[in-house]
2 protein chains.
Amino acid sequence: MIERGDGRKRIVIEGVTPEIDGGRFPVKRIVGDQVIVEADIFADGHEVLVSLLLYRKEDDPNWTITPMELLFNDRWRGSFVVTEPGQYRYTLTAWVDQFKTWRQDMLKKIKAKQDVCVDFMIGAQFIEEASQDATERDAVNMQKWAASLRSDQISLSAKKKLLLSKRLMATMNQYADQRFAVSYTRELIVVVDRKKARFSTWYEVFPRSCATDAGRHGTFGDCERWLPYISEMGFDVLYLPPIHPIGLTSRKGKNNATVAKQDDPGTPWAIGSSEGGHKAVHPQLGTLADFRRLISWANKYGIEVAIDLAFQCSPDHPYVREHPEWFRWRPDGTVQYAENPPKKYQDIYPIDFQTEHWPELWEELKSIVLFWIEQGVRIFRVDNPHTKPFEFWEWLIGKVKREYPDVLFLSEAFTRPKIMYRLAKVGFSQSYTYFTWRNTKWELNQYFIELTETKVREFFRPNLWPNTPDILSDYLRDSEKPAFMIRLVLAATLGANYGIYGPAFELSENRRKDTVSEEYLDSEKYEIKHWDIERTDSLKHLIARVNRIRRENLALQSDLSLHFHPVDNEQLICYSKRTENCSSVILVVVNLDYRYKQSGWLDLSLKELGLDTDHGYQVRDLLADTAYQWRGSRNYVELDPQKLPAHVFRVLPEADKEKRLP
Amino acid sequence: MIERGDGRKRIVIEGVTPEIDGGRFPVKRIVGDQVIVEADIFADGHEVLVSLLLYRKEDDPNWTITPMELLFNDRWRGSFVVTEPGQYRYTLTAWVDQFKTWRQDMLKKIKAKQDVCVDFMIGAQFIEEASQDATERDAVNMQKWAASLRSDQISLSAKKKLLLSKRLMATMNQYADQRFAVSYTRELIVVVDRKKARFSTWYEVFPRSCATDAGRHGTFGDCERWLPYISEMGFDVLYLPPIHPIGLTSRKGKNNATVAKQDDPGTPWAIGSSEGGHKAVHPQLGTLADFRRLISWANKYGIEVAIDLAFQCSPDHPYVREHPEWFRWRPDGTVQYAENPPKKYQDIYPIDFQTEHWPELWEELKSIVLFWIEQGVRIFRVDNPHTKPFEFWEWLIGKVKREYPDVLFLSEAFTRPKIMYRLAKVGFSQSYTYFTWRNTKWELNQYFIELTETKVREFFRPNLWPNTPDILSDYLRDSEKPAFMIRLVLAATLGANYGIYGPAFELSENRRKDTVSEEYLDSEKYEIKHWDIERTDSLKHLIARVNRIRRENLALQSDLSLHFHPVDNEQLICYSKRTENCSSVILVVVNLDYRYKQSGWLDLSLKELGLDTDHGYQVRDLLADTAYQWRGSRNYVELDPQKLPAHVFRVLPEADKEKRLP
């Protein structure tokens, strides 16, 4: 007894790309992308195969079908363009085409002048069989063709002409014998986001520090007055740490002091008080209406407001009283606070995802997201997602994006690599990275090759942050303004998505609380700050220029073409990005040493820059507004961190220049 | 509504190795192997995990469970030993261990001198809960321990001692809370073969050419008289081309002539005549009883007889008459013969696997295999498996090996790489390779890295042939004896499985039919030969020595440790193999140039040779029976193809030598 499918289905479809973990997770694309699908498709023997790519929008019941072409070595390729945000599905099908095989063999036999009388009759049989499924009109033609092939009144050359006719081939394609077609066992998914998922420029600011006068608690209204400043610097996402009421119990004081003073505002991440929880606004920031007004003002400046999703509670959060079953209780009748022994965080109660009542908990957390979506929020920065179950995120993001495919989630998971990647797989649109701690050429090179050249690129979109309110890195600590300039250019050109925590960044704030932790001295997390954004040493003009270069040069709006070029000086890093057709090519050279001038010889891969060896080319430094004529792959650079630690070149082939001459 | 599993199951198990195509195909091992299984296993948060590896013999209903250990970066490893031929299954399970997490945190808190009264009560709760599932005897102890942790009469140091006690840990492990354990979604399979699947030495001979007197058709009896010769050369598999009756219709003559002469014997691959088909023996070779006697004589010499499975028919095969439905018929009432347009093979009718009657066909073909198994055959060399469906082979080999797990199948698929690999995946025990055409250092290097260092090694066992009756390669054509010596040493040391087509090989037969094809002049496929195996220029003594080295050095009995070492001369190739514990280490250097002496400096990876930099070591050339004292990684070699074109060194660390002194 043979307990298998039809033994006549002989095709193998394997090695499909893109495909993540055997189709368990979707790949990510943005609107307008061409999704290129490849697969190894083959059968035993030497017959001719036909392979098709099928795709459809998730809720469209019908597949669109497009042919694949054989590249080499049994590798086939097809593609389709995704035009709307949401989910698309794709799969493959293929069959052994007996008619095409017969036709190919016939041409060889005729060329070898073999007797092909009987073979023409075989072809006639194929056509006759196919005609049985054809429309009446097609069937008449097909019967006629078959008769011609059978007839000994028709000359060989006439039969050969028929064999080569496009009409016969097109008709036979239409009625191809697909009885033994094999479909790929899986339907694969691509999640299509709007463009901002791939290209975004973030500015993080504490709204309570936005007051014009020192000492006063800032409001959403104050934030509105910052919009021109933020917009002039070229940011398009304004990210606000939690805007909810802050707990009083166990509130932390300045510099994370265990006991807060009377007027210490507490950390915004200790969410919830008698004034409300995750769906409430901190009264001193304003009202929900004020927040909505900030959103719409920001939109006028081309800026979206992103808020923080920090699923944790202060001891005063209404959930603690209303849903004690969502917390872990200790034998002494208290709630288990957050800890990382021996460290204790008594102002934070983690939510217990191991609760029996997890389904109600999940629904409630989802309702928080939907609440803010209703207020106009479309981007969420998610705090510590790696301390909540992956399954929860996959469910939550899936549910939300099904209804609102334009919503984006940024994962703030500074944790172990496999966990970071898993969060991206389960649905996060963008992710914080280790960039914050990658300083040397080797480190940057290794890390960005992993991010942009391995399958990680299919699901993980890096968002690079040189600093955050939690992290003043070793590189920036106690260092000079050039260090901030270097990290800015790296973040903004290595990452199509990047952000800074300001104004600490543009004001080169570099004082650490101690030598052990990465905490800022007098961290804004525990106190209201008053920043002098008009300081003459501010980096705001450089930031504005860098962000304008990003906007004006398509090459910098994706990470997928990133390519590193060798330089003979370990302090100089060189890389390029380009559009598919090389209409936009950017070459970046950065001096990683913020103290000394460094020089070296680049060894450029001209192919990656869309150049040939026969012509010279122009490199125009968009940072310094200077231009050089170069030729060939070896070129000299010299960068003084006290002036400008980087070149950001637009590369223009000579041919282009010539074209522009009259 | 949440349409998922239990949201409290938080573990991810992914990146499992070995695993082929998401578990679609088994991996291969031999009896006695330790199967090392690794996986990325992690959960959200920072709790302690427990991971287990489960395995069982296919027909054993019970899993054996073995713990896995955390390596680093969320990578876990476990292993088990396979002791019998057949199929084993393995899978994984893991859970977040709350008790272990609690215990780990407690040790940190105690170290930090924190108040842990309440925490001890939490621990007591864990123990009490676990005691509910425990045996009465264990439960009594557990209740006692819990009471101690709760008691304020017990000192902190006593409680800490209990915390650290192995008995508490062992008991809690036994009753670990596995409610939210996650099992890997797949059960993976390992096919375990007997050792010969990995290490075998083949000799192919046409039995009809074995007669002692020229002109006579050889018999199985004549083959018996060759056994001492074959055994002295050190072969342990005697492979016979098809031994069945040969068709008369369209029989090919000498040198593939379209018309045979009266006494031309035809090619053995044109199987079937009025005297029988695939279950019959060519009458001139002897009887079935004679064949069985050959098998048992061969066994006395430590040699197994392998036969050829060539599923195709001569026009005179009984199947053509009895099962016309298994062939493709042409409109003129003839059966479609084999062709590769414009080439025609009228003496061969391919079986039509597209027949509606494929289930009966498959069963009949299986019965052929079982028939020969009943005669004592345990190794089959399968002719052109790539022209029959993969599904058929997977079914056939699966069925046969389930009943006879010691049966081995060698795939003769000289075809495109993905097809070769697919055949190995669906079950072939060994496979012919492209070795036959890989001559330069770069070619050998690239190809053998693919075979031994990528996942190919998990399912594809190479069997290297410098020549076959179909292939006299460019390298061997018109060349001298040294070329044959070079290819012999390469095949026998790069491949734990290798074979030669003799006596053509040991007699350095090098005349090609023409310059286009790779056919031998006067190919043995179409005529009976009489070889002078006593010729003084025979390579039989060298072959005997090489095969003895293979038998006496475990390192050469597997390909998995193959490592290439650089040499500063493109004509010299250097590689090593070793056992896991380096008890056997072989270093090979081959001069690929059969004309001129070549010399160069090796750059050895001492680690791969199990050596350290502090001591010297001895290399003993097992081919030339000479020895050298070496030190460090750079060493000089010089090889003259007119003498011996290769070194096959056994590597002995100095320390070993010292140990052997009194």
# chains A, B, ... in the order shown; residues from 1 in each chain; ligands from 1
$ select_by_dssp --residues "range 234-263 of chain B" --states "strand (DSSP E)" --output "PyMOL selection string"
chain B and resi 237-240
$ write_last_selection --atoms "C-alpha atoms" --output "PDB file, in the first residue's frame"
ATOM      1  CA  VAL B 237      32.751  -3.753  -1.731  1.00  0.00           C
ATOM      2  CA  LEU B 238      32.701  -5.573  -5.065  1.00  0.00           C
ATOM      3  CA  TYR B 239      30.291  -3.746  -7.349  1.00  0.00           C
ATOM      4  CA  LEU B 240      28.976  -5.605 -10.385  1.00  0.00           C
TER       5      LEU B 240
END
$ interface_residues --of "chain A" --to "chain B" --cutoff "7 Å" --atoms "only C-alpha atoms" --output "JSON list (two decimals) with C-alpha atoms, in the first residue's frame"
[["chain", "number", "residue", "atom", "x", "y", "z"],
["A", 2, "ILE", "CA", 1.32, 3.41, -0.97],
["A", 7, "GLY", "CA", 3.28, 9.75, -7.44],
["A", 8, "ARG", "CA", 3.15, 11.63, -10.71],
["A", 10, "ARG", "CA", 7.41, 15.22, -9.54],
["A", 22, "GLY", "CA", 10.14, 28.18, 7.37],
["A", 44, "ASP", "CA", 13.81, 14.52, -12.08],
["A", 45, "GLY", "CA", 14.78, 14.19, -15.71],
["A", 105, "ASP", "CA", 13.04, 18.36, -28.60],
["A", 108, "LYS", "CA", 16.68, 19.81, -32.01],
["A", 109, "LYS", "CA", 15.53, 16.83, -34.08],
["A", 112, "ALA", "CA", 19.64, 17.25, -36.90],
["A", 118, "VAL", "CA", 5.66, 10.34, -35.73],
["A", 121, "MET", "CA", 1.66, 13.24, -34.44],
["A", 122, "ILE", "CA", 2.65, 13.29, -30.75],
["A", 331, "PRO", "CA", 3.31, 36.23, 51.24],
["A", 332, "ASP", "CA", 3.32, 39.45, 53.32],
["A", 341, "PRO", "CA", 18.79, 41.33, 42.51],
["A", 342, "PRO", "CA", 20.30, 42.90, 44.40],
["A", 353, "PHE", "CA", 2.01, 38.03, 32.52],
["A", 354, "GLN", "CA", 1.88, 34.62, 34.19],
["A", 358, "TRP", "CA", -3.90, 36.81, 31.01],
["A", 359, "PRO", "CA", -6.65, 36.96, 28.36],
["A", 386, "HIS", "CA", 11.74, 41.95, 26.12],
["A", 387, "THR", "CA", 10.26, 41.59, 29.59],
["A", 388, "LYS", "CA", 6.82, 40.69, 28.22],
["A", 389, "PRO", "CA", 5.95, 37.51, 26.30],
["A", 390, "PHE", "CA", 6.71, 37.36, 22.57],
["A", 391, "GLU", "CA", 3.32, 35.77, 21.99],
["A", 392, "PHE", "CA", 1.68, 38.80, 23.55]]
$ residues_around --residues "range 378-381 of chain B" --least-positions-apart "4" --cutoff "8 Å" --atoms "only C-alpha atoms" --output "ChimeraX atom specification"
/B:239,304-309,373,406-412
$ residues_around --residues "Pro350 in chain B" --least-positions-apart "5" --cutoff "10 Å" --atoms "only C-alpha atoms" --output "PyMOL selection string"
chain B and resi 311-315+326-328+335-339+345+387-388
$ select_by_dssp --residues "range 59-116 of chain A" --states "alpha helix (DSSP H)" --output "PyMOL selection string"
chain A and resi 98-111
$ write_last_selection --atoms "all heavy atoms" --output "short mmCIF file (atom, residue, chain, number, x, y, z; two decimals), in the first residue's frame"
data_model
loop_
_atom_site.label_atom_id
_atom_site.label_comp_id
_atom_site.auth_asym_id
_atom_site.auth_seq_id
_atom_site.Cartn_x
_atom_site.Cartn_y
_atom_site.Cartn_z
N GLN A 98 4.81 19.07 -20.72
CA GLN A 98 5.11 18.06 -21.74
C GLN A 98 5.12 18.68 -23.14
O GLN A 98 5.93 18.30 -23.98
CB GLN A 98 4.07 16.92 -21.69
CG GLN A 98 4.00 16.19 -20.36
CD GLN A 98 5.25 15.40 -20.03
OE1 GLN A 98 6.16 15.28 -20.85
NE2 GLN A 98 5.32 14.89 -18.81
N PHE A 99 4.23 19.63 -23.35
CA PHE A 99 4.17 20.24 -24.69
C PHE A 99 5.44 21.04 -24.98
O PHE A 99 6.04 20.92 -26.05
CB PHE A 99 2.93 21.12 -24.83
CG PHE A 99 2.81 21.75 -26.18
CD1 PHE A 99 2.41 20.99 -27.28
CD2 PHE A 99 3.14 23.08 -26.39
CE1 PHE A 99 2.32 21.56 -28.54
CE2 PHE A 99 3.06 23.65 -27.65
CZ PHE A 99 2.65 22.89 -28.74
N LYS A 100 5.85 21.83 -23.99
CA LYS A 100 7.07 22.63 -24.19
C LYS A 100 8.29 21.71 -24.37
O LYS A 100 9.20 22.03 -25.14
CB LYS A 100 7.29 23.56 -23.00
CG LYS A 100 6.35 24.75 -22.98
CD LYS A 100 6.93 25.89 -22.16
CE LYS A 100 6.22 27.19 -22.47
NZ LYS A 100 5.59 27.79 -21.30
N THR A 101 8.30 20.63 -23.63
CA THR A 101 9.40 19.67 -23.76
C THR A 101 9.42 19.10 -25.19
O THR A 101 10.47 19.03 -25.84
CB THR A 101 9.23 18.54 -22.74
OG1 THR A 101 9.14 19.11 -21.44
CG2 THR A 101 10.40 17.57 -22.80
N TRP A 102 8.23 18.71 -25.63
CA TRP A 102 8.12 18.14 -26.99
C TRP A 102 8.61 19.16 -28.04
O TRP A 102 9.39 18.83 -28.93
CB TRP A 102 6.65 17.79 -27.25
CG TRP A 102 6.36 17.48 -28.69
CD1 TRP A 102 6.57 16.29 -29.33
CD2 TRP A 102 5.84 18.38 -29.67
NE1 TRP A 102 6.19 16.39 -30.64
CE2 TRP A 102 5.74 17.67 -30.89
CE3 TRP A 102 5.44 19.72 -29.64
CZ2 TRP A 102 5.26 18.25 -32.06
CZ3 TRP A 102 4.96 20.30 -30.80
CH2 TRP A 102 4.87 19.57 -31.99
N ARG A 103 8.18 20.40 -27.85
CA ARG A 103 8.53 21.44 -28.82
C ARG A 103 10.05 21.65 -28.85
O ARG A 103 10.66 21.75 -29.92
CB ARG A 103 7.82 22.74 -28.39
CG ARG A 103 7.99 23.91 -29.33
CD ARG A 103 7.09 25.04 -28.86
NE ARG A 103 7.27 26.24 -29.66
CZ ARG A 103 8.20 27.16 -29.43
NH1 ARG A 103 9.04 27.00 -28.42
NH2 ARG A 103 8.30 28.23 -30.20
N GLN A 104 10.66 21.69 -27.68
CA GLN A 104 12.11 21.90 -27.60
C GLN A 104 12.86 20.74 -28.27
O GLN A 104 13.81 20.95 -29.02
CB GLN A 104 12.49 22.02 -26.13
CG GLN A 104 13.98 22.20 -25.87
CD GLN A 104 14.26 22.29 -24.38
OE1 GLN A 104 14.04 23.31 -23.76
NE2 GLN A 104 14.74 21.20 -23.79
N ASP A 105 12.40 19.53 -27.99
CA ASP A 105 13.04 18.36 -28.60
C ASP A 105 12.87 18.37 -30.12
O ASP A 105 13.78 18.00 -30.86
CB ASP A 105 12.45 17.06 -28.03
CG ASP A 105 12.89 16.82 -26.59
OD1 ASP A 105 13.78 17.56 -26.11
OD2 ASP A 105 12.34 15.90 -25.94
N MET A 106 11.69 18.78 -30.58
CA MET A 106 11.42 18.82 -32.01
C MET A 106 12.40 19.72 -32.74
O MET A 106 12.90 19.36 -33.81
CB MET A 106 9.99 19.34 -32.25
CG MET A 106 8.93 18.30 -32.07
SD MET A 106 9.16 16.89 -33.15
CE MET A 106 8.41 17.53 -34.65
N LEU A 107 12.65 20.88 -32.16
CA LEU A 107 13.55 21.81 -32.83
C LEU A 107 14.94 21.18 -32.98
O LEU A 107 15.60 21.33 -34.01
CB LEU A 107 13.62 23.13 -32.05
CG LEU A 107 12.27 23.88 -32.00
CD1 LEU A 107 12.35 25.09 -31.07
CD2 LEU A 107 11.86 24.33 -33.42
N LYS A 108 15.37 20.46 -31.95
CA LYS A 108 16.68 19.81 -32.01
C LYS A 108 16.68 18.70 -33.07
O LYS A 108 17.65 18.54 -33.81
CB LYS A 108 17.04 19.20 -30.66
CG LYS A 108 17.43 20.23 -29.60
CD LYS A 108 17.80 19.53 -28.30
CE LYS A 108 17.89 20.52 -27.15
NZ LYS A 108 17.79 19.84 -25.87
N LYS A 109 15.58 17.95 -33.12
CA LYS A 109 15.53 16.83 -34.08
C LYS A 109 15.49 17.35 -35.52
O LYS A 109 16.13 16.79 -36.41
CB LYS A 109 14.29 15.97 -33.81
CG LYS A 109 14.40 15.14 -32.53
CD LYS A 109 13.11 14.36 -32.27
CE LYS A 109 13.18 13.61 -30.95
NZ LYS A 109 11.93 12.90 -30.65
N ILE A 110 14.72 18.41 -35.72
CA ILE A 110 14.62 18.97 -37.07
C ILE A 110 15.98 19.51 -37.51
O ILE A 110 16.43 19.29 -38.62
CB ILE A 110 13.54 20.09 -37.11
CG1 ILE A 110 12.16 19.47 -36.93
CG2 ILE A 110 13.62 20.88 -38.42
CD1 ILE A 110 11.04 20.47 -36.71
N LYS A 111 16.65 20.15 -36.55
CA LYS A 111 17.98 20.69 -36.85
C LYS A 111 18.93 19.55 -37.25
O LYS A 111 19.77 19.73 -38.13
CB LYS A 111 18.51 21.42 -35.63
CG LYS A 111 19.65 22.36 -35.93
CD LYS A 111 20.04 23.19 -34.72
CE LYS A 111 21.42 23.80 -34.93
NZ LYS A 111 22.00 24.23 -33.66
#
$ residues_around --residues "Ala39 in chain B" --least-positions-apart "2" --cutoff "12 Å" --atoms "only C-alpha atoms" --output "JSON, numbers by chain"
{"A": [418], "B": [12, 13, 14, 15, 16, 17, 18, 19, 36, 37, 41, 42, 51, 52, 53, 68, 69, 70, 71, 72, 73, 74, 75, 76, 77, 78, 79, 91, 92, 93, 94, 184]}
$ write_last_selection --atoms "N, CA, C and O atoms" --output "short mmCIF file (atom, residue, chain, number, x, y, z; two decimals), in the first residue's frame"
data_model
loop_
_atom_site.label_atom_id
_atom_site.label_comp_id
_atom_site.auth_asym_id
_atom_site.auth_seq_id
_atom_site.Cartn_x
_atom_site.Cartn_y
_atom_site.Cartn_z
N LYS A 418 19.36 37.36 20.22
CA LYS A 418 18.27 36.52 19.71
C LYS A 418 16.92 37.03 20.15
O LYS A 418 15.92 36.88 19.46
N VAL B 12 10.78 30.25 23.56
CA VAL B 12 11.05 30.08 22.13
C VAL B 12 12.13 29.02 21.96
O VAL B 12 13.15 29.07 22.66
N ILE B 13 11.88 28.07 21.07
CA ILE B 13 12.91 27.08 20.69
C ILE B 13 13.08 27.22 19.19
O ILE B 13 12.14 26.97 18.43
N GLU B 14 14.26 27.65 18.75
CA GLU B 14 14.48 27.84 17.31
C GLU B 14 15.94 27.57 16.97
O GLU B 14 16.74 27.28 17.85
N GLY B 15 16.25 27.65 15.69
CA GLY B 15 17.64 27.44 15.26
C GLY B 15 18.17 26.09 15.68
O GLY B 15 19.34 25.96 16.07
N VAL B 16 17.33 25.05 15.60
CA VAL B 16 17.75 23.72 16.02
C VAL B 16 18.71 23.14 14.98
O VAL B 16 18.47 23.21 13.79
N THR B 17 19.81 22.57 15.48
CA THR B 17 20.72 21.83 14.60
C THR B 17 20.99 20.48 15.23
O THR B 17 21.07 20.40 16.45
N PRO B 18 21.16 19.41 14.46
CA PRO B 18 20.93 19.37 13.02
C PRO B 18 19.44 19.31 12.70
O PRO B 18 18.67 18.70 13.43
N GLU B 19 19.10 19.98 11.61
CA GLU B 19 17.73 19.95 11.11
C GLU B 19 17.79 20.31 9.63
O GLU B 19 18.38 21.33 9.29
N ILE B 36 24.89 15.36 18.44
CA ILE B 36 24.92 16.60 19.21
C ILE B 36 23.83 17.52 18.70
O ILE B 36 23.78 17.85 17.52
N VAL B 37 22.92 17.89 19.59
CA VAL B 37 21.78 18.72 19.20
C VAL B 37 21.93 20.08 19.87
O VAL B 37 22.19 20.15 21.08
N ILE B 41 17.34 28.71 22.75
CA ILE B 41 16.19 28.56 23.64
C ILE B 41 16.19 29.75 24.60
O ILE B 41 17.19 30.01 25.27
N PHE B 42 15.09 30.48 24.60
CA PHE B 42 15.05 31.68 25.45
C PHE B 42 13.60 32.06 25.69
O PHE B 42 12.69 31.60 25.01
N SER B 51 16.14 23.18 29.93
CA SER B 51 15.91 22.64 28.58
C SER B 51 16.29 21.16 28.56
O SER B 51 17.32 20.77 29.11
N LEU B 52 15.46 20.37 27.92
CA LEU B 52 15.70 18.93 27.83
C LEU B 52 15.72 18.48 26.37
O LEU B 52 14.99 19.01 25.54
N LEU B 53 16.55 17.48 26.12
CA LEU B 53 16.57 16.81 24.82
C LEU B 53 15.88 15.46 24.99
O LEU B 53 16.19 14.72 25.93
N MET B 68 19.93 19.49 28.68
CA MET B 68 20.79 20.28 27.80
C MET B 68 21.51 21.31 28.67
O MET B 68 21.03 21.67 29.73
N GLU B 69 22.68 21.76 28.18
CA GLU B 69 23.38 22.78 28.94
C GLU B 69 23.47 24.07 28.11
O GLU B 69 23.55 24.03 26.90
N LEU B 70 23.43 25.20 28.83
CA LEU B 70 23.52 26.50 28.18
C LEU B 70 24.97 26.76 27.82
O LEU B 70 25.85 26.71 28.68
N LEU B 71 25.24 27.03 26.54
CA LEU B 71 26.60 27.33 26.10
C LEU B 71 26.87 28.81 26.31
O LEU B 71 27.59 29.20 27.22
N PHE B 72 26.27 29.67 25.49
CA PHE B 72 26.37 31.12 25.62
C PHE B 72 25.38 31.71 24.64
O PHE B 72 24.98 31.03 23.69
N ASN B 73 25.01 32.95 24.86
CA ASN B 73 24.15 33.64 23.90
C ASN B 73 22.88 32.83 23.57
O ASN B 73 22.49 32.73 22.41
N ASP B 74 22.26 32.27 24.61
CA ASP B 74 20.98 31.54 24.48
C ASP B 74 21.09 30.26 23.66
O ASP B 74 20.07 29.73 23.21
N ARG B 75 22.32 29.78 23.44
CA ARG B 75 22.52 28.54 22.70
C ARG B 75 22.66 27.39 23.69
O ARG B 75 23.47 27.45 24.61
N TRP B 76 21.87 26.35 23.50
CA TRP B 76 21.89 25.18 24.37
C TRP B 76 22.37 23.96 23.59
O TRP B 76 22.17 23.88 22.38
N ARG B 77 22.96 22.99 24.34
CA ARG B 77 23.45 21.78 23.69
C ARG B 77 23.14 20.54 24.52
O ARG B 77 23.25 20.57 25.75
N GLY B 78 22.76 19.50 23.84
CA GLY B 78 22.58 18.19 24.46
C GLY B 78 23.03 17.14 23.47
O GLY B 78 23.34 17.45 22.32
N SER B 79 23.09 15.89 23.87
CA SER B 79 23.53 14.85 22.94
C SER B 79 23.02 13.48 23.36
O SER B 79 22.63 13.28 24.50
N THR B 91 13.56 15.51 19.87
CA THR B 91 12.89 16.80 19.97
C THR B 91 13.32 17.46 21.28
O THR B 91 14.15 16.92 22.02
N LEU B 92 12.77 18.64 21.55
CA LEU B 92 13.24 19.42 22.70
C LEU B 92 12.06 19.92 23.50
O LEU B 92 10.96 20.10 22.97
N THR B 93 12.29 20.17 24.76
CA THR B 93 11.28 20.83 25.56
C THR B 93 12.00 21.73 26.57
O THR B 93 13.14 21.48 26.93
N ALA B 94 11.33 22.79 26.99
CA ALA B 94 11.97 23.73 27.92
C ALA B 94 10.90 24.49 28.69
O ALA B 94 9.76 24.59 28.23
N TYR B 184 9.24 21.71 21.34
CA TYR B 184 9.57 22.08 19.97
C TYR B 184 8.49 21.53 19.05
O TYR B 184 7.98 20.43 19.28
#
$ residues_around --residues "Thr579 in chain B" --least-positions-apart "5" --cutoff "9 Å" --atoms "only C-alpha atoms" --output "PyMOL selection string"
chain B and resi 554-558+561+584-585
